[in-house]
Amino acid sequence: MDRIYDLFLLLTLAASMFCDQNIKASVVGTAPNVQGWKGEDILLRCDIKEEPLVVQWVKEGILNPKQKTLKAEYVDGNIESLEERFGIDKNFGLVISSLEVADEGRYYCQVLLKNTQSFGNSTIMTISSMASEHTIEECADRSQSHQSRCTYRSPSNTPSFTLTCVVSGFKPNVSMLWTEESGKRLISVVSRQRTLSDRTYERFETITVSANHGTEQTFMCVAAGDSLNGTSTREITVLPSSGS
């Protein structure tokens, strides 16, 4: 298809998005909101009541709504994917493989019917990510870091020491807390969070603990949220210092 005609078509279809919502819904049906998970595949439905000549899936950025990107299109029986992970299925839905957090946004299914009428509807897609790591930094053996329990020998001749719990690769946010073995909650002295390069998050919770050089002490870091599939617990047993 001639790209000048493509541009004309895009402008025509974009203008149609301002038509009456009931008219849009009666011709082109989409789910208002969908949630996907990082690394998985998803299908954004586009139910069209009449035979289309052209179907275009266009993404509008969440942070920059003026930025619109054509992802895939169907033109009179032919499907063209503008990006490798995007395609259109036989029912004109948008198929996205190996989801990334950057795929979040509003997606328009824009349709030109064979009678030259144009319609469209949209779906807002959000992406969640399962946490890739939940560890306690002070584990004596880093190979224990992904286990539910680990050990740590406290520094000798110090009145206190710190313990840091880390959860990485999650989205949406998680809650985190430290407790004693008895279940008593400990107050974090440092809590910080940052955004990673893949747009997921990493959070650190650090506590200061009074040293008891004569006996073992056990502490637990509990993290919870959808990205942890509920609740995740890491336990650290602090051994008496070697000089005690």
# chains A, B, ... in the order shown; residues from 1 in each chain; ligands from 1
$ closest_atom_pairs --of "segment 24-99 of chain A" --to "segment 213-232 of chain A" --cutoff "12 Å" --atoms "only C-alpha atoms" --output "JSON lines"
{"residue": "A:Gly36", "atom": "CA", "partner": "A:Ser227", "partner_atom": "CA", "distance": 11.9}
{"residue": "A:Trp37", "atom": "CA", "partner": "A:Ser227", "partner_atom": "CA", "distance": 9.4}
{"residue": "A:Lys38", "atom": "CA", "partner": "A:Ser227", "partner_atom": "CA", "distance": 10.5}
$ write_last_selection --atoms "C-alpha atoms" --output "CSV table (one decimal), in the first residue's frame"
chain,number,residue,atom,x,y,z
A,36,GLY,CA,-0.2,-8.8,31.3
A,37,TRP,CA,2.9,-10.3,32.9
A,38,LYS,CA,6.5,-9.6,31.8
$ residues_around --residues "Thr116 of chain A" --least-positions-apart "6" --cutoff "10 Å" --atoms "only C-alpha atoms" --output "compact mmCIF listing (two decimals) with C-alpha atoms, in the first residue's frame"
# COMPACT_ATOMS: atom_id res chain seq x y z
CA PRO A 52 -12.95 -4.76 7.47
CA LEU A 53 -10.79 -3.53 4.63
CA VAL A 54 -8.07 -2.25 6.96
$ closest_residue --among "A:Met176, A:Met125, A:Val167, A:Val28" --to "Val55 of chain A" --atoms "only C-alpha atoms"
A:Val28
$ closest_residue --among "A:Thr151, A:Glu180, A:Glu137, A:Glu51" --to "Asn115 of chain A" --atoms "only C-alpha atoms"
A:Glu51
$ atom_distance --atom1 "atom CA of Arg149 of chain A" --atom2 "atom CA of Ser128 of chain A"
27.2 Å
$ closest_residue --among "A:Gly39, A:Gly87, A:Gly93, A:Gly105" --to "Pro65 of chain A" --atoms "only C-alpha atoms"
A:Gly105
$ residues_around --residues "Val95 of chain A" --least-positions-apart "3" --cutoff "7 Å" --atoms "only C-alpha atoms" --output "PDB file with all heavy atoms, in the first residue's frame"
ATOM      1  N   ILE A  42       0.328 -12.164  25.176  1.00  0.00           N
ATOM      2  CA  ILE A  42      -1.018 -11.663  25.436  1.00  0.00           C
ATOM      3  C   ILE A  42      -1.729 -11.409  24.115  1.00  0.00           C
ATOM      4  O   ILE A  42      -1.094 -11.175  23.082  1.00  0.00           O
ATOM      5  CB  ILE A  42      -0.969 -10.367  26.285  1.00  0.00           C
ATOM      6  CG1 ILE A  42      -2.330 -10.099  26.938  1.00  0.00           C
ATOM      7  CG2 ILE A  42      -0.510  -9.173  25.446  1.00  0.00           C
ATOM      8  CD1 ILE A  42      -2.297  -9.004  27.991  1.00  0.00           C
ATOM      9  N   LEU A  43      -3.056 -11.463  24.164  1.00  0.00           N
ATOM     10  CA  LEU A  43      -3.896 -11.139  23.011  1.00  0.00           C
ATOM     11  C   LEU A  43      -4.820 -10.000  23.395  1.00  0.00           C
ATOM     12  O   LEU A  43      -5.566 -10.108  24.373  1.00  0.00           O
ATOM     13  CB  LEU A  43      -4.722 -12.361  22.579  1.00  0.00           C
ATOM     14  CG  LEU A  43      -5.820 -12.100  21.544  1.00  0.00           C
ATOM     15  CD1 LEU A  43      -5.226 -11.681  20.215  1.00  0.00           C
ATOM     16  CD2 LEU A  43      -6.710 -13.333  21.369  1.00  0.00           C
ATOM     17  N   LEU A  44      -4.773  -8.906  22.644  1.00  0.00           N
ATOM     18  CA  LEU A  44      -5.707  -7.797  22.822  1.00  0.00           C
ATOM     19  C   LEU A  44      -6.827  -7.978  21.799  1.00  0.00           C
ATOM     20  O   LEU A  44      -6.597  -7.924  20.596  1.00  0.00           O
ATOM     21  CB  LEU A  44      -5.007  -6.446  22.623  1.00  0.00           C
ATOM     22  CG  LEU A  44      -3.764  -6.186  23.488  1.00  0.00           C
ATOM     23  CD1 LEU A  44      -3.279  -4.759  23.283  1.00  0.00           C
ATOM     24  CD2 LEU A  44      -4.055  -6.440  24.957  1.00  0.00           C
ATOM     25  N   PHE A  86       5.043  -8.235  17.576  1.00  0.00           N
ATOM     26  CA  PHE A  86       3.641  -7.850  17.413  1.00  0.00           C
ATOM     27  C   PHE A  86       3.061  -8.464  16.144  1.00  0.00           C
ATOM     28  O   PHE A  86       3.700  -8.480  15.095  1.00  0.00           O
ATOM     29  CB  PHE A  86       3.515  -6.325  17.347  1.00  0.00           C
ATOM     30  CG  PHE A  86       3.862  -5.630  18.633  1.00  0.00           C
ATOM     31  CD1 PHE A  86       5.190  -5.445  19.009  1.00  0.00           C
ATOM     32  CD2 PHE A  86       2.876  -5.166  19.483  1.00  0.00           C
ATOM     33  CE1 PHE A  86       5.523  -4.809  20.194  1.00  0.00           C
ATOM     34  CE2 PHE A  86       3.188  -4.530  20.677  1.00  0.00           C
ATOM     35  CZ  PHE A  86       4.510  -4.353  21.027  1.00  0.00           C
ATOM     36  N   GLY A  87       1.834  -8.966  16.249  1.00  0.00           N
ATOM     37  CA  GLY A  87       1.169  -9.525  15.089  1.00  0.00           C
ATOM     38  C   GLY A  87      -0.340  -9.421  15.240  1.00  0.00           C
ATOM     39  O   GLY A  87      -0.857  -9.012  16.282  1.00  0.00           O
ATOM     40  N   ILE A  88      -1.071  -9.787  14.206  1.00  0.00           N
ATOM     41  CA  ILE A  88      -2.527  -9.760  14.216  1.00  0.00           C
ATOM     42  C   ILE A  88      -3.032 -11.164  13.936  1.00  0.00           C
ATOM     43  O   ILE A  88      -2.574 -11.822  12.992  1.00  0.00           O
ATOM     44  CB  ILE A  88      -3.074  -8.773  13.162  1.00  0.00           C
ATOM     45  CG1 ILE A  88      -2.664  -7.331  13.536  1.00  0.00           C
ATOM     46  CG2 ILE A  88      -4.598  -8.873  13.046  1.00  0.00           C
ATOM     47  CD1 ILE A  88      -3.117  -6.289  12.534  1.00  0.00           C
ATOM     48  N   ASP A  89      -3.988 -11.648  14.767  1.00  0.00           N
ATOM     49  CA  ASP A  89      -4.505 -12.992  14.564  1.00  0.00           C
ATOM     50  C   ASP A  89      -5.682 -12.972  13.590  1.00  0.00           C
ATOM     51  O   ASP A  89      -6.060 -11.921  13.060  1.00  0.00           O
ATOM     52  CB  ASP A  89      -4.885 -13.638  15.905  1.00  0.00           C
ATOM     53  CG  ASP A  89      -6.168 -13.100  16.508  1.00  0.00           C
ATOM     54  OD1 ASP A  89      -6.726 -12.110  15.977  1.00  0.00           O
ATOM     55  OD2 ASP A  89      -6.625 -13.666  17.518  1.00  0.00           O
TER      56      ASP A  89
END
$ closest_residue --among "A:Thr179, A:Ile207, A:Tyr108, A:Cys165" --to "Glu138 of chain A" --atoms "only C-alpha atoms"
A:Cys165
$ closest_residue --among "A:Ala31, A:Met130, A:Leu82, A:Val189" --to "Gly169 of chain A" --atoms "only C-alpha atoms"
A:Met130
